[in-house]
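Structure data (mmCIF, C-alpha atoms) from data-v1.cif:
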data_upload
loop_
_atom_site.label_atom_id
_atom_site.label_comp_id
_atom_site.auth_asym_id
_atom_site.auth_seq_id
_atom_site.Cartn_x
_atom_site.Cartn_y
_atom_site.Cartn_z
CA MET A 1 -23.65 -9.88 -20.20
CA SER A 2 -24.99 -6.33 -19.87
CA ALA A 3 -22.69 -3.33 -20.06
CA THR A 4 -22.79 -0.04 -18.17
CA VAL A 5 -21.47 3.32 -19.30
CA ILE A 6 -20.41 5.94 -16.78
CA THR A 7 -20.69 9.16 -18.72
CA ASN A 8 -20.47 12.92 -18.22
CA ILE A 9 -17.08 12.54 -16.44
CA ALA A 10 -15.35 15.92 -16.24
CA THR A 11 -11.86 14.41 -15.92
CA LEU A 12 -11.01 10.74 -16.34
CA VAL A 13 -7.65 9.45 -15.07
CA THR A 14 -6.78 6.37 -17.13
CA ASN A 15 -3.03 5.91 -16.48
CA ASP A 16 -3.05 4.55 -20.02
CA PRO A 17 0.58 4.48 -21.21
CA SER A 18 -0.52 5.10 -24.79
CA LEU A 19 -2.07 8.42 -23.73
CA ARG A 20 0.79 9.62 -21.51
CA ASP A 21 2.80 11.53 -24.11
CA SER A 22 0.86 14.69 -23.38
CA ASP A 23 -0.13 13.96 -19.78
CA PRO A 24 1.32 11.62 -17.14
CA LEU A 25 -2.13 10.41 -16.12
CA GLY A 26 -3.55 9.75 -19.58
CA LEU A 27 -6.32 12.25 -18.87
CA VAL A 28 -9.51 12.28 -20.93
CA ARG A 29 -11.88 15.22 -20.50
CA ASP A 30 -15.65 15.06 -20.95
CA ALA A 31 -15.14 11.31 -20.79
CA ALA A 32 -16.92 8.00 -20.40
CA VAL A 33 -16.02 4.49 -19.23
CA VAL A 34 -17.80 1.32 -20.29
CA VAL A 35 -17.83 -1.61 -17.86
CA GLU A 36 -18.86 -5.14 -18.70
CA GLY A 37 -18.77 -7.74 -15.97
CA ASP A 38 -15.70 -7.08 -13.83
CA ARG A 39 -13.66 -5.39 -16.58
CA VAL A 40 -13.28 -2.08 -18.36
CA VAL A 41 -14.05 -2.56 -22.06
CA TRP A 42 -13.87 1.01 -23.38
CA THR A 43 -12.73 4.51 -22.38
CA GLY A 44 -12.86 7.76 -24.32
CA GLU A 45 -14.83 10.90 -24.95
CA SER A 46 -18.48 10.79 -23.89
CA SER A 47 -19.69 11.69 -27.36
CA LYS A 48 -18.04 8.56 -28.78
CA ALA A 49 -19.22 6.06 -26.15
CA PRO A 50 -20.84 2.90 -27.57
CA PRO A 51 -24.46 2.12 -26.71
CA THR A 52 -25.00 0.12 -23.51
CA ASP A 53 -27.86 -1.34 -21.49
CA ASN A 54 -27.20 0.80 -18.43
CA ARG A 55 -26.06 4.39 -17.89
CA VAL A 56 -24.63 6.22 -14.89
CA ASP A 57 -24.33 10.01 -15.07
CA ALA A 58 -21.20 11.22 -13.26
CA GLY A 59 -22.58 14.74 -13.21
CA GLY A 60 -19.33 16.43 -14.15
CA ARG A 61 -17.28 14.66 -11.48
CA ALA A 62 -13.80 13.19 -11.77
CA VAL A 63 -13.21 9.43 -12.05
CA LEU A 64 -9.91 7.68 -11.43
CA PRO A 65 -8.68 4.13 -10.85
CA GLY A 66 -9.26 2.64 -7.43
CA PHE A 67 -6.34 3.23 -5.10
CA VAL A 68 -3.82 0.40 -4.78
CA ASP A 69 -2.56 0.31 -1.20
CA SER A 70 0.54 -1.84 -1.53
CA HIS A 71 1.76 -1.73 2.08
CA SER A 72 -0.35 -2.29 5.19
CA HIS A 73 -0.36 -4.25 8.45
CA LEU A 74 -4.03 -4.98 9.11
CA VAL A 75 -4.07 -8.29 10.99
CA PHE A 76 -3.66 -7.11 14.57
CA ALA A 77 -5.47 -6.51 17.83
CA GLY A 78 -5.45 -3.58 20.24
CA ASP A 79 -4.11 -0.10 19.61
CA ARG A 80 -1.27 2.07 20.86
CA THR A 81 -3.08 5.25 21.78
CA GLU A 82 -0.94 5.87 24.86
CA GLU A 83 2.25 5.54 22.84
CA PHE A 84 1.03 8.03 20.23
CA ASN A 85 -0.21 10.45 22.87
CA ALA A 86 3.13 10.37 24.67
CA ARG A 87 5.08 10.85 21.45
CA MET A 88 2.97 13.83 20.40
CA SER A 89 3.27 15.30 23.89
CA GLY A 90 7.04 15.04 24.00
CA ARG A 91 7.03 12.50 26.81
CA PRO A 92 9.17 9.34 26.98
CA TYR A 93 7.25 6.12 26.51
CA SER A 94 8.51 2.58 27.00
CA ALA A 95 5.50 0.28 26.88
CA GLY A 96 6.98 -1.90 24.17
CA GLY A 97 6.02 -0.57 20.75
CA ILE A 98 5.53 -3.43 18.30
CA ARG A 99 5.77 -5.90 21.19
CA THR A 100 2.60 -4.37 22.67
CA THR A 101 0.71 -5.23 19.49
CA VAL A 102 2.30 -8.69 19.38
CA ALA A 103 0.98 -9.45 22.87
CA ALA A 104 -2.53 -8.22 22.01
CA THR A 105 -2.60 -10.09 18.70
CA ARG A 106 -1.47 -13.36 20.23
CA ALA A 107 -4.22 -13.05 22.85
CA ALA A 108 -6.97 -12.30 20.31
CA SER A 109 -9.27 -14.93 18.82
CA ASP A 110 -9.49 -15.57 15.10
CA ALA A 111 -12.93 -13.95 15.13
CA GLU A 112 -11.56 -10.80 16.75
CA LEU A 113 -8.74 -10.52 14.22
CA GLU A 114 -11.15 -11.11 11.33
CA ALA A 115 -13.57 -8.48 12.64
CA ASN A 116 -10.79 -5.91 13.01
CA LEU A 117 -9.51 -6.63 9.50
CA THR A 118 -13.00 -6.37 8.04
CA ARG A 119 -13.61 -3.05 9.78
CA HIS A 120 -10.41 -1.50 8.46
CA LEU A 121 -11.00 -2.80 4.94
CA ALA A 122 -14.48 -1.26 4.90
CA GLU A 123 -12.98 2.00 6.12
CA ALA A 124 -10.38 1.92 3.35
CA LEU A 125 -12.96 1.05 0.70
CA ARG A 126 -15.06 4.08 1.62
CA GLN A 127 -11.97 6.17 0.89
CA GLY A 128 -11.39 4.59 -2.52
CA THR A 129 -9.00 1.68 -1.89
CA THR A 130 -9.96 -1.24 -4.10
CA THR A 131 -6.73 -3.29 -3.98
CA PHE A 132 -4.66 -3.79 -0.86
CA GLU A 133 -1.67 -5.73 0.34
CA THR A 134 -1.37 -6.74 3.97
CA LYS A 135 1.21 -8.50 6.11
CA SER A 136 1.60 -10.75 9.09
CA GLY A 137 4.24 -9.71 11.62
CA TYR A 138 2.31 -9.31 14.88
CA GLY A 139 2.33 -12.98 15.84
CA LEU A 140 5.98 -13.99 15.63
CA THR A 141 5.23 -17.64 16.43
CA VAL A 142 4.66 -20.36 13.85
CA GLU A 143 0.99 -20.69 14.77
CA ASP A 144 0.22 -16.97 15.05
CA GLU A 145 1.99 -15.99 11.83
CA ALA A 146 0.24 -18.76 9.89
CA ARG A 147 -3.21 -17.85 11.21
CA ALA A 148 -2.65 -14.16 10.40
CA LEU A 149 -1.88 -15.09 6.81
CA ARG A 150 -4.87 -17.44 6.56
CA ILE A 151 -7.15 -14.65 7.76
CA ALA A 152 -5.63 -12.14 5.35
CA ALA A 153 -5.74 -14.54 2.40
CA ALA A 154 -9.51 -14.80 2.72
CA ARG A 155 -9.72 -11.10 1.79
CA THR A 156 -6.88 -10.45 -0.68
CA ASP A 157 -4.44 -12.21 -2.96
CA GLU A 158 -1.71 -9.75 -1.93
CA VAL A 159 -0.58 -11.39 1.29
CA THR A 160 2.92 -10.94 2.72
CA TYR A 161 4.75 -13.12 5.23
CA LEU A 162 6.53 -10.78 7.68
CA GLY A 163 7.74 -13.13 10.37
CA ALA A 164 10.87 -10.99 10.28
CA HIS A 165 9.17 -7.86 11.62
CA ILE A 166 11.20 -7.85 14.82
CA VAL A 167 12.94 -10.61 16.76
CA ALA A 168 10.27 -12.37 18.82
CA PRO A 169 10.50 -11.57 22.55
CA GLU A 170 11.25 -15.22 23.36
CA PHE A 171 14.37 -15.01 21.19
CA ALA A 172 15.68 -11.68 22.50
CA ASP A 173 18.95 -13.34 23.49
CA ASP A 174 19.10 -15.59 20.42
CA PRO A 175 18.42 -13.61 17.24
CA ALA A 176 20.19 -16.25 15.12
CA GLY A 177 17.78 -18.82 16.49
CA TYR A 178 14.85 -16.64 15.49
CA VAL A 179 16.20 -16.20 11.96
CA ALA A 180 16.47 -20.01 11.78
CA LEU A 181 12.82 -20.29 12.83
CA VAL A 182 11.68 -17.63 10.33
CA THR A 183 13.53 -19.35 7.47
CA GLY A 184 12.58 -22.87 8.57
CA GLU A 185 9.48 -24.11 10.37
CA MET A 186 7.67 -20.75 10.29
CA LEU A 187 8.33 -20.28 6.57
CA ASN A 188 7.09 -23.80 5.82
CA ALA A 189 3.83 -23.10 7.67
CA CYS A 190 3.31 -19.66 6.15
CA ALA A 191 4.38 -20.02 2.52
CA PRO A 192 1.16 -21.73 1.36
CA HIS A 193 -0.86 -18.68 2.41
CA ALA A 194 1.31 -15.87 1.03
CA ARG A 195 2.53 -14.40 -2.23
CA TRP A 196 5.30 -12.21 -0.78
CA ILE A 197 8.01 -12.27 1.88
CA ASP A 198 9.16 -9.15 3.70
CA VAL A 199 11.77 -8.22 6.32
CA PHE A 200 12.37 -5.12 8.43
CA CYS A 201 15.99 -4.40 7.55
CA GLU A 202 16.99 -1.84 10.15
CA LYS A 203 19.13 -1.33 13.22
CA GLY A 204 17.32 -3.00 16.08
CA ALA A 205 15.55 -5.42 13.74
CA PHE A 206 17.47 -7.41 11.09
CA ASP A 207 20.81 -6.55 9.51
CA GLY A 208 21.72 -6.97 5.85
CA ASP A 209 23.04 -10.52 6.16
CA GLN A 210 20.01 -11.68 8.13
CA ALA A 211 17.66 -9.96 5.70
CA ARG A 212 19.38 -11.59 2.72
CA ALA A 213 19.09 -15.03 4.32
CA ILE A 214 15.39 -14.51 5.08
CA LEU A 215 14.45 -13.20 1.65
CA THR A 216 16.53 -15.84 -0.15
CA ALA A 217 14.82 -18.60 1.83
CA GLY A 218 11.45 -17.14 0.90
CA LYS A 219 12.37 -17.02 -2.78
CA ALA A 220 13.30 -20.70 -2.62
CA LYS A 221 9.74 -21.37 -1.38
CA GLY A 222 8.20 -19.37 -4.23
CA LEU A 223 7.60 -16.11 -2.33
CA HIS A 224 8.72 -12.90 -3.99
CA PRO A 225 10.66 -10.34 -1.90
CA ARG A 226 9.68 -6.91 -0.69
CA ILE A 227 11.54 -5.11 2.07
CA HIS A 228 11.21 -2.42 4.75
CA ALA A 229 14.29 -0.41 3.81
CA ASN A 230 16.12 2.70 5.00
CA GLN A 231 13.29 4.03 7.15
CA LEU A 232 15.11 5.06 10.31
CA SER A 233 18.69 5.32 9.09
CA TYR A 234 21.02 4.69 6.18
CA GLY A 235 21.53 0.98 5.65
CA PRO A 236 21.78 -1.93 3.21
CA GLY A 237 18.05 -2.42 2.63
CA VAL A 238 17.63 -0.62 -0.70
CA GLN A 239 20.75 -2.15 -2.24
CA LEU A 240 19.61 -5.59 -1.11
CA ALA A 241 16.15 -5.01 -2.56
CA VAL A 242 17.56 -4.24 -6.00
CA GLU A 243 20.06 -7.12 -5.78
CA LEU A 244 17.25 -9.61 -5.07
CA ASP A 245 14.79 -8.03 -7.56
CA ALA A 246 12.38 -7.15 -4.78
CA ALA A 247 9.09 -5.77 -6.05
CA SER A 248 9.40 -2.82 -3.71
CA ALA A 249 11.67 -1.16 -1.19
CA ASP A 250 9.35 0.50 1.31
CA HIS A 251 9.94 3.74 3.28
CA CYS A 252 13.18 4.86 1.50
CA THR A 253 13.62 7.84 3.80
CA HIS A 254 17.42 7.81 4.20
CA LEU A 255 19.06 7.27 0.81
CA THR A 256 22.57 7.71 -0.54
CA ASP A 257 23.19 8.66 -4.15
CA ALA A 258 24.15 5.01 -4.74
CA ASP A 259 20.76 3.89 -3.36
CA VAL A 260 18.92 6.24 -5.72
CA ASP A 261 21.03 5.10 -8.67
CA ALA A 262 20.33 1.46 -7.82
CA LEU A 263 16.58 2.04 -7.72
CA ALA A 264 16.69 3.98 -10.99
CA SER A 265 18.54 1.19 -12.76
CA GLY A 266 16.46 -1.71 -11.41
CA ALA A 267 12.85 -2.83 -11.41
CA THR A 268 12.27 -2.28 -7.69
CA VAL A 269 9.62 0.33 -6.86
CA ALA A 270 10.29 2.86 -4.10
CA THR A 271 7.14 2.81 -1.97
CA LEU A 272 6.81 5.92 0.16
CA LEU A 273 4.69 5.89 3.31
CA PRO A 274 4.07 9.48 4.46
CA GLY A 275 1.64 8.43 7.18
CA ALA A 276 4.60 7.08 9.13
CA GLU A 277 6.48 10.37 8.98
CA PHE A 278 3.33 12.28 9.89
CA SER A 279 2.69 10.07 12.93
CA THR A 280 6.28 10.07 14.18
CA ARG A 281 7.35 13.60 13.21
CA ALA A 282 10.26 12.11 11.29
CA ALA A 283 11.97 13.54 8.23
CA TRP A 284 9.96 13.22 5.02
CA PRO A 285 11.20 11.03 2.16
CA ASP A 286 12.45 13.10 -0.77
CA ALA A 287 10.10 12.00 -3.51
CA ARG A 288 11.33 14.74 -5.83
CA ARG A 289 14.86 13.34 -5.74
CA LEU A 290 13.61 9.88 -6.64
CA LEU A 291 11.30 11.01 -9.41
CA ASP A 292 13.92 13.25 -10.99
CA ALA A 293 16.29 10.27 -11.06
CA GLY A 294 13.73 8.15 -12.93
CA VAL A 295 12.71 5.90 -10.03
CA THR A 296 9.21 4.38 -10.08
CA VAL A 297 7.44 5.64 -6.94
CA ALA A 298 4.38 4.28 -5.17
CA LEU A 299 2.40 5.81 -2.29
CA SER A 300 0.81 3.69 0.40
CA THR A 301 -0.69 4.11 3.86
CA ASP A 302 1.45 1.71 5.95
CA CYS A 303 -1.73 1.35 8.01
CA ASN A 304 -0.68 -0.13 11.35
CA PRO A 305 -1.54 0.57 14.99
CA GLY A 306 1.84 2.01 15.94
CA SER A 307 3.45 4.36 13.46
CA SER A 308 0.79 5.10 10.81
CA PHE A 309 -2.75 4.40 11.93
CA THR A 310 -4.47 5.71 8.81
CA SER A 311 -6.26 3.83 6.04
CA SER A 312 -6.69 6.96 3.92
CA VAL A 313 -4.82 7.04 0.63
CA PRO A 314 -6.24 10.53 -0.12
CA PHE A 315 -4.60 11.76 3.08
CA CYS A 316 -1.28 10.28 1.96
CA VAL A 317 -1.66 11.92 -1.46
CA ALA A 318 -2.13 15.31 0.22
CA LEU A 319 0.93 14.76 2.45
CA ALA A 320 3.07 13.73 -0.53
CA VAL A 321 2.13 16.89 -2.43
CA ARG A 322 2.52 19.22 0.54
CA ASP A 323 5.67 17.81 2.13
CA MET A 324 7.46 15.43 -0.24
CA GLY A 325 7.81 17.47 -3.41
CA MET A 326 5.32 15.59 -5.58
CA THR A 327 2.91 17.22 -7.98
CA PRO A 328 -0.76 16.26 -7.65
CA ASP A 329 -0.50 14.26 -10.89
CA GLU A 330 2.56 12.37 -9.65
CA ALA A 331 0.96 11.60 -6.31
CA VAL A 332 -2.24 10.26 -7.87
CA TRP A 333 -0.24 8.12 -10.30
CA ALA A 334 1.86 6.78 -7.42
CA ALA A 335 -1.25 5.86 -5.43
CA THR A 336 -2.81 3.99 -8.35
CA ALA A 337 -0.48 2.77 -11.10
CA GLY A 338 2.53 3.08 -8.80
CA GLY A 339 0.92 0.85 -6.20
CA ALA A 340 0.08 -1.64 -8.92
CA ALA A 341 3.73 -1.63 -10.06
CA ALA A 342 4.79 -2.31 -6.47
CA LEU A 343 2.60 -5.43 -6.62
CA ARG A 344 3.72 -6.21 -10.17
CA ARG A 345 0.16 -5.92 -11.43
CA THR A 346 -1.11 -4.44 -14.68
CA ASP A 347 -4.79 -5.32 -14.20
CA VAL A 348 -5.37 -2.72 -11.47
CA GLY A 349 -4.32 0.90 -11.01
CA ARG A 350 -5.38 1.93 -14.50
CA LEU A 351 -8.58 2.25 -16.49
CA VAL A 352 -7.86 0.64 -19.83
CA PRO A 353 -9.68 -2.12 -21.74
CA GLY A 354 -9.01 -5.43 -20.02
CA ALA A 355 -8.21 -3.99 -16.59
CA TYR A 356 -10.46 -4.64 -13.62
CA ALA A 357 -13.32 -2.19 -13.33
CA ASP A 358 -12.08 -0.62 -10.08
CA LEU A 359 -13.12 3.03 -10.15
CA VAL A 360 -13.36 5.95 -7.76
CA MET A 361 -15.67 8.90 -8.34
CA LEU A 362 -14.88 12.17 -6.57
CA ASP A 363 -17.33 14.88 -5.60
CA ALA A 364 -15.04 17.25 -7.49
CA PRO A 365 -14.25 17.95 -11.14
CA SER A 366 -10.57 16.98 -10.93
CA HIS A 367 -8.24 14.55 -9.18
CA VAL A 368 -6.21 17.59 -8.08
CA HIS A 369 -8.84 18.19 -5.39
CA LEU A 370 -7.40 15.23 -3.45
CA ALA A 371 -4.48 17.49 -2.52
CA TYR A 372 -6.28 20.82 -2.96
CA ARG A 373 -8.95 19.93 -0.36
CA PRO A 374 -7.11 17.80 2.20
CA GLY A 375 -9.17 16.03 4.81
CA VAL A 376 -12.45 16.48 2.90
CA PRO A 377 -14.33 13.22 2.18
CA LEU A 378 -14.41 13.63 -1.59
CA VAL A 379 -14.96 9.98 -2.53
CA THR A 380 -18.61 9.71 -3.53
CA GLY A 381 -18.63 6.41 -5.44
CA VAL A 382 -16.47 3.28 -5.54
CA TRP A 383 -16.79 0.39 -7.98
CA ARG A 384 -14.80 -2.78 -7.35
CA ARG A 385 -14.68 -5.46 -10.02
CA GLY A 386 -17.56 -3.72 -11.76
CA VAL A 387 -19.87 -3.60 -8.73
CA ARG A 388 -20.68 -0.33 -7.02
CA GLU A 389 -19.88 -0.73 -3.33
CA VAL A 390 -19.94 2.89 -2.14
#
Just give me the structure as structure tokens.
Amino acid sequence: MSATVITNIATLVTNDPSLRDSDPLGLVRDAAVVVEGDRVVWTGESSKAPPTDNRVDAGGRAVLPGFVDSHSHLVFAGDRTEEFNARMSGRPYSAGGIRTTVAATRAASDAELEANLTRHLAEALRQGTTTFETKSGYGLTVEDEARALRIAAARTDEVTYLGAHIVAPEFADDPAGYVALVTGEMLNACAPHARWIDVFCEKGAFDGDQARAILTAGKAKGLHPRIHANQLSYGPGVQLAVELDAASADHCTHLTDADVDALASGATVATLLPGAEFSTRAAWPDARRLLDAGVTVALSTDCNPGSSFTSSVPFCVALAVRDMGMTPDEAVWAATAGGAAALRRTDVGRLVPGAYADLVMLDAPSHVHLAYRPGVPLVTGVWRRGVREV
């Protein structure tokens, strides 16, 4: 098997824990990376790189791990332009929110859903995302949830069953009946296609007891929990996430001191989704508070047609630095190694021997430019599993 060296890298972000004593990103300057097959086999200073069959000159650019987008909702149809336009114009809007997307998704063919998913994945890849998680949640029937997961599973291993997104319209007067469906027939149909189970634990969606029942049922079927927690108000979501050893508690906007302490003492990652706050003009999560308490933080896009219709991790990095109290180093770590931690992965989100060769090259000498030059398309090269795709 031939090997390739990418050399003349001005700044290499490795996220190598053994190099983090002096720098949180394990930075190597004037660096090189050697790729063989789909794996990284060596990183270090360019002058010490081993001989290889192939050579790529980075031309003094920065290289970092591919972004790990650990929270998205990409199996859907339609959009909610009118809703967004009304919200940004200060006008009331009552066309149905998530229910609007549910209706469009149910009406779409498999081919239409697949085409939409493929388009958004290509868009994300061009912006440096090499690993992504995505959820169901816009079908809310046994058949529609299962087909969403089948479609997603053809493109990623990180598939999440979110039958408990909202109570299905048909069960508006019988939420207990819907919970029984989500934990029974729907779960049985969906579990073979998913790795994770999620629930929107929030007023107007599912309360703490319902969320516990749903996540516990999923665990019994071999699905590991994650949870939409504390986005719109204070609530039980974060505490429940830690109690059930959820991989991540996502949003984490409204937190008590007890919530922060729970996250700091457990293994649950706090995944922050600044695209949602940007698109709804809501209060920003306080990343600084979490980081100072020792919580592991991830950044993700929450790409969905209603509250965060962006697939750009670089945009979310810039928002986190500007409005959430993160340093550029912390934001880049959260979007790479942090996202991997939220998926309980060690083979992505870092550039160390044995990890997948998922790399992003920037048309800039440093990763700091992701926040320093917001909105500029800096990604000039993307390798996924050792193959250059951008």
Atom pair atom CA of Leu117 of chain A / atom CA of Ala335 of chain A: separation (Å): 21.1 Å
Segment 168-182 of chain A environment, 9 Å, all atoms listed in the file, sequence neighbours closer than 3 positions dropped, as a PyMOL selection string: chain A and resi 99+102+139-142+162-165+185-188+206+210-211+213-214
Contacts of Ser248 of chain A within 8 Å, all atoms listed in the file, excl. fewer than 5 positions in-chain, as a PyMOL selection string: chain A and resi 225-227+241+268-271+342-343
Give me a file of those residues, with C-alpha atoms, as a PDB file, in the frame of the given file.
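To be explicit, this is the file written out as selection34.pdb:
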ATOM      1  CA  PRO A 225      10.660 -10.340  -1.900  1.00  0.00           C
ATOM      2  CA  ARG A 226       9.680  -6.910  -0.690  1.00  0.00           C
ATOM      3  CA  ILE A 227      11.540  -5.110   2.070  1.00  0.00           C
ATOM      4  CA  ALA A 241      16.150  -5.010  -2.560  1.00  0.00           C
ATOM      5  CA  THR A 268      12.270  -2.280  -7.690  1.00  0.00           C
ATOM      6  CA  VAL A 269       9.620   0.330  -6.860  1.00  0.00           C
ATOM      7  CA  ALA A 270      10.290   2.860  -4.100  1.00  0.00           C
ATOM      8  CA  THR A 271       7.140   2.810  -1.970  1.00  0.00           C
ATOM      9  CA  ALA A 342       4.790  -2.310  -6.470  1.00  0.00           C
ATOM     10  CA  LEU A 343       2.600  -5.430  -6.620  1.00  0.00           C
TER      11      LEU A 343
END
Env of Gly78 of chain A: 12 Å cut, atoms = all atoms listed in the file, seq-sep filter 3 positions within chain, self excluded. Answer as a short mmCIF file (atom, residue, chain, number, x, y, z; two decimals) with C-alpha atoms, in the frame of the given file.
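Generated output (selection.cif):
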data_model
loop_
_atom_site.label_atom_id
_atom_site.label_comp_id
_atom_site.auth_asym_id
_atom_site.auth_seq_id
_atom_site.Cartn_x
_atom_site.Cartn_y
_atom_site.Cartn_z
CA LEU A 74 -4.03 -4.98 9.11
CA VAL A 75 -4.07 -8.29 10.99
CA THR A 81 -3.08 5.25 21.78
CA GLU A 82 -0.94 5.87 24.86
CA GLY A 97 6.02 -0.57 20.75
CA ILE A 98 5.53 -3.43 18.30
CA ARG A 99 5.77 -5.90 21.19
CA THR A 100 2.60 -4.37 22.67
CA THR A 101 0.71 -5.23 19.49
CA VAL A 102 2.30 -8.69 19.38
CA ALA A 103 0.98 -9.45 22.87
CA ALA A 104 -2.53 -8.22 22.01
CA THR A 105 -2.60 -10.09 18.70
CA ARG A 106 -1.47 -13.36 20.23
CA ALA A 107 -4.22 -13.05 22.85
CA ALA A 108 -6.97 -12.30 20.31
CA GLU A 112 -11.56 -10.80 16.75
CA LEU A 113 -8.74 -10.52 14.22
CA ASN A 116 -10.79 -5.91 13.01
CA LEU A 117 -9.51 -6.63 9.50
CA TYR A 138 2.31 -9.31 14.88
CA ASN A 304 -0.68 -0.13 11.35
CA PRO A 305 -1.54 0.57 14.99
CA GLY A 306 1.84 2.01 15.94
CA PHE A 309 -2.75 4.40 11.93
#
Atom pair atom CA of Glu202 of chain A / atom CA of Gly237 of chain A: separation (Å): 7.6 Å
Contacts of Asp292 of chain A within 10 Å, all atoms listed in the file, excl. fewer than 4 positions in-chain, as a ChimeraX atom specification: /A:264,287-288
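For the structure shown here, the set of residues caught by the PyMOL selection byres ((chain A and resi 34) around 7) is Ala3, Thr4, Val5, Ile6, Ala32, Val33, Val35, Glu36, Val40, Val41, Trp42 and Thr43 of chain A.
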Point-to-point distance from atom CA of Ser2 of chain A to atom CA of Asp53 of chain A, Å rounded to tenths: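 For atom CA of Ser2 of chain A relative to atom CA of Asp53 of chain A, the distance reads 6.0 Å.
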Counting only C-alpha atoms, the residue of A:Asp57, A:Thr253, A:Val352, A:Ala267 that sits nearest Ser18 of chain A: A:Val352
Selection under test: the PyMOL selection byres ((chain A and resi 192) around 12); residues as a list in words: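 Evaluating the PyMOL selection byres ((chain A and resi 192) around 12) on this file yields Glu145, Ala146, Arg147, Leu149, Arg150, Ala153, Asp157, Val159, Thr160, Tyr161, Met186, Leu187, Asn188, Ala189, Cys190, Ala191, His193, Ala194, Arg195, Trp196, Ile197, Gly218, Lys221, Gly222 and Leu223 of chain A.
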12 Å contact set for Thr327 of chain A, all atoms listed in the file, chain neighbours under 2 positions out, as a list in words: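 My reading of the contact set: Pro24, Leu25, Ala287, Arg288, Leu291, Val317, Ala318, Leu319, Ala320, Val321, Arg322, Asp323, Met324, Gly325, Asp329, Glu330, Ala331, Val332, Trp333, Ala334, His367, Val368, Leu370, Ala371 and Tyr372 of chain A.
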